[in-house]
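Student: First the structure, then my questions, so here it is.
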Amino acid sequence: QTFAVTFGSSTCNFSILFAPGTPPATDHFPTTLNSYWAYALQGGTSSDSLMIKVIPYTLNAGGNSYSTFTVDNIPASGSPDSLYYRKGGGLFYEYFNTQAFFGFDGPGTPPNVEYKFLDTTVAQGATWNSPNMTGMSSGVSYTIFIKMTLTGKAVPVTIGSYNFQNVMKVKYEYFVTVAPGTPFFTEERWFAKGVGMIYNSFNDGTNTNIYNIGRYLVF
């Protein structure tokens with residue numbers, strides 16, 4: 001691109017060569033490097049905001065490669081948590097440590113688990129489960145699994161000033177097999193095409209925390 005700068009009676013021309021841009025994200029969970037998403041706690045203050053960002057680190061585990069997302073406060077605490085994701089063919093997976101995730105006293109069985117947290121290929125209303133995860137807490141053995149339900153497929157959603165036209169809504173129910181009829185945690189996440197997660201609500205059986213997308217940049 002050639003530009004002309006004029007000052008008084010003088011004109012100077014100069015050119016800048018632009019490299020090809022990165023194609024925009026076309027799925028519901030972008031993992032492109034340096035992409036970020038900021039979320040605000042509904043009913044909270046600015047100090048309750050979170051930042052999730054894709055960093056240049058790849059985790060290789062179980063024959064798979066996972067993109068690394070950091071989760072931190074705004075402003076940054078300096079010690080963010082890390083989350084690991086991979087995707088392919090409209091399927092999206094998370095890899096996590098069961099001891100840290102569920103608060104087991106020691107390593108769970110298996111100690112690390114991959115589960116499919118989003119499936120864009122199934123019909124609305126479809127369900128699927130995570131693998132079973134077993135661990136000890138206060139001397140008691142628990143086996144836990146997560147049940148996912150696609151509650152909304154390609155639906156429009158408005159959050160603040162954003163109007164998203166293609167959103168997948170997933171409900172997550174956390175069950176322990178000693179009481180399989182009642183989830184001990186429930187969660188809901190919404191994923192907008194080309195954007196990523198735009199909404200997250202989590203109920204621990206007593207309180208519900210809801211985080212809405214505030215700003216984002218996807219590369």
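By order in the structure tokens, chains are A, B, ...; within a chain, residues start at 1; ligands start at 1, following the order shown.
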Mind dumping a table of every segment 185-213 of chain A residue within 10 Å of segment 109-119 of chain A, with the nearest atom pair and its distance in Å to one decimal, using only C-alpha atoms, sorted by chain and rising number, as CSV?
Tutor:
```
residue,atom,partner,partner_atom,distance
A:Arg189,CA,A:Leu118,CA,9.4
A:Trp190,CA,A:Leu118,CA,9.8
A:Phe191,CA,A:Leu118,CA,8.8
```
Student: Those residues with all heavy atoms, as a PDB file, in the first residue's frame please?
Tutor:
```pdb
ATOM      1  N   ARG A 189     -22.156 -23.458  29.942  1.00  0.00           N
ATOM      2  CA  ARG A 189     -21.233 -22.654  29.132  1.00  0.00           C
ATOM      3  C   ARG A 189     -21.855 -22.420  27.763  1.00  0.00           C
ATOM      4  O   ARG A 189     -22.456 -23.326  27.186  1.00  0.00           O
ATOM      5  CB  ARG A 189     -19.884 -23.368  28.966  1.00  0.00           C
ATOM      6  CG  ARG A 189     -19.191 -23.750  30.259  1.00  0.00           C
ATOM      7  CD  ARG A 189     -17.889 -24.489  29.976  1.00  0.00           C
ATOM      8  NE  ARG A 189     -17.537 -25.385  31.062  1.00  0.00           N
ATOM      9  CZ  ARG A 189     -16.567 -26.298  30.993  1.00  0.00           C
ATOM     10  NH1 ARG A 189     -15.861 -26.437  29.883  1.00  0.00           N
ATOM     11  NH2 ARG A 189     -16.315 -27.091  32.025  1.00  0.00           N
ATOM     12  N   TRP A 190     -21.681 -21.207  27.248  1.00  0.00           N
ATOM     13  CA  TRP A 190     -22.144 -20.861  25.913  1.00  0.00           C
ATOM     14  C   TRP A 190     -20.940 -20.524  25.054  1.00  0.00           C
ATOM     15  O   TRP A 190     -20.026 -19.806  25.501  1.00  0.00           O
ATOM     16  CB  TRP A 190     -23.081 -19.663  25.951  1.00  0.00           C
ATOM     17  CG  TRP A 190     -24.321 -19.853  26.777  1.00  0.00           C
ATOM     18  CD1 TRP A 190     -24.775 -21.015  27.339  1.00  0.00           C
ATOM     19  CD2 TRP A 190     -25.269 -18.836  27.142  1.00  0.00           C
ATOM     20  NE1 TRP A 190     -25.942 -20.789  28.028  1.00  0.00           N
ATOM     21  CE2 TRP A 190     -26.273 -19.473  27.926  1.00  0.00           C
ATOM     22  CE3 TRP A 190     -25.361 -17.473  26.881  1.00  0.00           C
ATOM     23  CZ2 TRP A 190     -27.346 -18.751  28.448  1.00  0.00           C
ATOM     24  CZ3 TRP A 190     -26.436 -16.765  27.398  1.00  0.00           C
ATOM     25  CH2 TRP A 190     -27.420 -17.403  28.167  1.00  0.00           C
ATOM     26  N   PHE A 191     -20.939 -21.027  23.824  1.00  0.00           N
ATOM     27  CA  PHE A 191     -19.819 -20.844  22.906  1.00  0.00           C
ATOM     28  C   PHE A 191     -20.327 -20.222  21.603  1.00  0.00           C
ATOM     29  O   PHE A 191     -21.204 -20.782  20.941  1.00  0.00           O
ATOM     30  CB  PHE A 191     -19.152 -22.188  22.598  1.00  0.00           C
ATOM     31  CG  PHE A 191     -18.704 -22.940  23.823  1.00  0.00           C
ATOM     32  CD1 PHE A 191     -19.550 -23.848  24.454  1.00  0.00           C
ATOM     33  CD2 PHE A 191     -17.445 -22.740  24.351  1.00  0.00           C
ATOM     34  CE1 PHE A 191     -19.151 -24.549  25.578  1.00  0.00           C
ATOM     35  CE2 PHE A 191     -17.023 -23.437  25.485  1.00  0.00           C
ATOM     36  CZ  PHE A 191     -17.875 -24.341  26.096  1.00  0.00           C
TER      37      PHE A 191
END
```
Student: Applying 10 Å and only C-alpha atoms, which residues near segment 204-206 of chain A remain after dropping the ones on its own chain fewer than 3 positions away? List them as a list in words.
Tutor: Tyr174, Pro183, Phe184, Phe185, Thr186, Glu187 and Asn209 of chain A
Student: Using backbone DSSP assignments, extract all helix (DSSP H, G or I) residues from segment 41-123 of chain A; output them as a list in words.
Tutor: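 Output for segment 41-123 of chain A, helix (DSSP H, G or I) only: Ser46, Ser47, Asp48, Thr98, Gln99, Ala100, Phe101 and Phe102 of chain A.
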Student: Sort by chain and increasing residue number a table of all residues of segment 88-172 of chain A within 10 Å of segment 65-79 of chain A, each with its closest pair of atoms and their distance in Å to one decimal, counting only C-alpha atoms, and write it as a Markdown table.
Tutor:
```
| residue | atom | partner | partner_atom | distance |
| --- | --- | --- | --- | --- |
| A:Tyr93 | CA | A:Tyr66 | CA | 8.9 |
| A:Glu94 | CA | A:Tyr66 | CA | 8.3 |
| A:Tyr95 | CA | A:Tyr66 | CA | 7.9 |
```
Student: Now that the selection is made, can you save its residues with all heavy atoms as a JSON list (two decimals), in the first residue's frame?
Tutor:
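part26.json written:
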```json
[["chain", "number", "residue", "atom", "x", "y", "z"],
["A", 93, "TYR", "N", -12.03, -30.86, 23.36],
["A", 93, "TYR", "CA", -11.65, -31.66, 24.52],
["A", 93, "TYR", "C", -10.84, -30.82, 25.51],
["A", 93, "TYR", "O", -10.04, -29.96, 25.11],
["A", 93, "TYR", "CB", -10.79, -32.86, 24.10],
["A", 93, "TYR", "CG", -11.47, -33.79, 23.13],
["A", 93, "TYR", "CD1", -11.38, -33.57, 21.75],
["A", 93, "TYR", "CD2", -12.19, -34.89, 23.57],
["A", 93, "TYR", "CE1", -12.00, -34.42, 20.85],
["A", 93, "TYR", "CE2", -12.82, -35.75, 22.68],
["A", 93, "TYR", "CZ", -12.71, -35.51, 21.32],
["A", 93, "TYR", "OH", -13.33, -36.35, 20.43],
["A", 94, "GLU", "N", -11.02, -31.13, 26.80],
["A", 94, "GLU", "CA", -10.20, -30.56, 27.86],
["A", 94, "GLU", "C", -9.44, -31.68, 28.54],
["A", 94, "GLU", "O", -9.97, -32.78, 28.74],
["A", 94, "GLU", "CB", -11.05, -29.82, 28.89],
["A", 94, "GLU", "CG", -10.21, -29.21, 30.01],
["A", 94, "GLU", "CD", -11.03, -28.45, 31.04],
["A", 94, "GLU", "OE1", -12.27, -28.49, 30.97],
["A", 94, "GLU", "OE2", -10.42, -27.82, 31.93],
["A", 95, "TYR", "N", -8.20, -31.40, 28.93],
["A", 95, "TYR", "CA", -7.35, -32.34, 29.65],
["A", 95, "TYR", "C", -7.03, -31.72, 31.00],
["A", 95, "TYR", "O", -6.54, -30.59, 31.09],
["A", 95, "TYR", "CB", -6.07, -32.57, 28.84],
["A", 95, "TYR", "CG", -5.09, -33.54, 29.44],
["A", 95, "TYR", "CD1", -5.23, -34.92, 29.27],
["A", 95, "TYR", "CD2", -3.98, -33.10, 30.16],
["A", 95, "TYR", "CE1", -4.33, -35.82, 29.80],
["A", 95, "TYR", "CE2", -3.06, -33.99, 30.69],
["A", 95, "TYR", "CZ", -3.24, -35.35, 30.50],
["A", 95, "TYR", "OH", -2.33, -36.23, 31.03]]
```
Student: Considering only C-alpha atoms, return as number ranges by chain whatever protein or nucleic-acid residues lie within 12 Å of Phe175 of chain A, sequence-local ones (same chain, fewer than 4 positions apart) excluded.
Tutor: A: 102, 129-134, 142-148, 179-187
Student: Can you tell me which residues surround segment 27-35 of chain A at a distance of at most 6 Å, considering only C-alpha atoms, apart from same-chain residues fewer than 6 positions away, and format the answer as a list in words?
Tutor: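 Near segment 27-35 of chain A, the qualifying residues are Lys53, Val54, Ile55, Phe191, Ala192, Lys193, Gly194, Gly196, Leu217, Val218 and Phe219 of chain A.
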Student: Just to be explicit: take each residue in the selection above, keep N, CA and C atoms, and write the result as a PDB file, in the first residue's frame.
Tutor:
```pdb
ATOM      1  N   LYS A  53      -6.272 -16.349  28.330  1.00  0.00           N
ATOM      2  CA  LYS A  53      -5.413 -16.039  27.189  1.00  0.00           C
ATOM      3  C   LYS A  53      -4.701 -17.295  26.710  1.00  0.00           C
ATOM      4  N   VAL A  54      -4.521 -17.409  25.394  1.00  0.00           N
ATOM      5  CA  VAL A  54      -3.768 -18.525  24.809  1.00  0.00           C
ATOM      6  C   VAL A  54      -2.295 -18.144  24.785  1.00  0.00           C
ATOM      7  N   ILE A  55      -1.457 -18.977  25.375  1.00  0.00           N
ATOM      8  CA  ILE A  55      -0.027 -18.683  25.453  1.00  0.00           C
ATOM      9  C   ILE A  55       0.761 -19.677  24.588  1.00  0.00           C
ATOM     10  N   PHE A 191     -20.939 -21.027  23.824  1.00  0.00           N
ATOM     11  CA  PHE A 191     -19.819 -20.844  22.906  1.00  0.00           C
ATOM     12  C   PHE A 191     -20.327 -20.222  21.603  1.00  0.00           C
ATOM     13  N   ALA A 192     -19.790 -19.074  21.235  1.00  0.00           N
ATOM     14  CA  ALA A 192     -20.181 -18.387  20.003  1.00  0.00           C
ATOM     15  C   ALA A 192     -19.185 -18.705  18.895  1.00  0.00           C
ATOM     16  N   LYS A 193     -19.712 -18.945  17.713  1.00  0.00           N
ATOM     17  CA  LYS A 193     -18.860 -19.279  16.575  1.00  0.00           C
ATOM     18  C   LYS A 193     -17.933 -18.118  16.244  1.00  0.00           C
ATOM     19  N   GLY A 194     -16.642 -18.434  16.094  1.00  0.00           N
ATOM     20  CA  GLY A 194     -15.648 -17.422  15.784  1.00  0.00           C
ATOM     21  C   GLY A 194     -15.189 -16.616  16.975  1.00  0.00           C
ATOM     22  N   GLY A 196     -15.647 -18.043  20.841  1.00  0.00           N
ATOM     23  CA  GLY A 196     -15.283 -18.884  21.969  1.00  0.00           C
ATOM     24  C   GLY A 196     -16.328 -18.786  23.060  1.00  0.00           C
ATOM     25  N   LEU A 217     -10.457 -10.655  21.956  1.00  0.00           N
ATOM     26  CA  LEU A 217      -9.725 -10.486  20.711  1.00  0.00           C
ATOM     27  C   LEU A 217      -9.269 -11.856  20.264  1.00  0.00           C
ATOM     28  N   VAL A 218      -9.725 -12.277  19.107  1.00  0.00           N
ATOM     29  CA  VAL A 218      -9.369 -13.576  18.541  1.00  0.00           C
ATOM     30  C   VAL A 218      -8.517 -13.351  17.303  1.00  0.00           C
ATOM     31  N   PHE A 219      -7.342 -13.957  17.278  1.00  0.00           N
ATOM     32  CA  PHE A 219      -6.427 -13.800  16.139  1.00  0.00           C
ATOM     33  C   PHE A 219      -6.657 -14.885  15.097  1.00  0.00           C
TER      34      PHE A 219
END
```
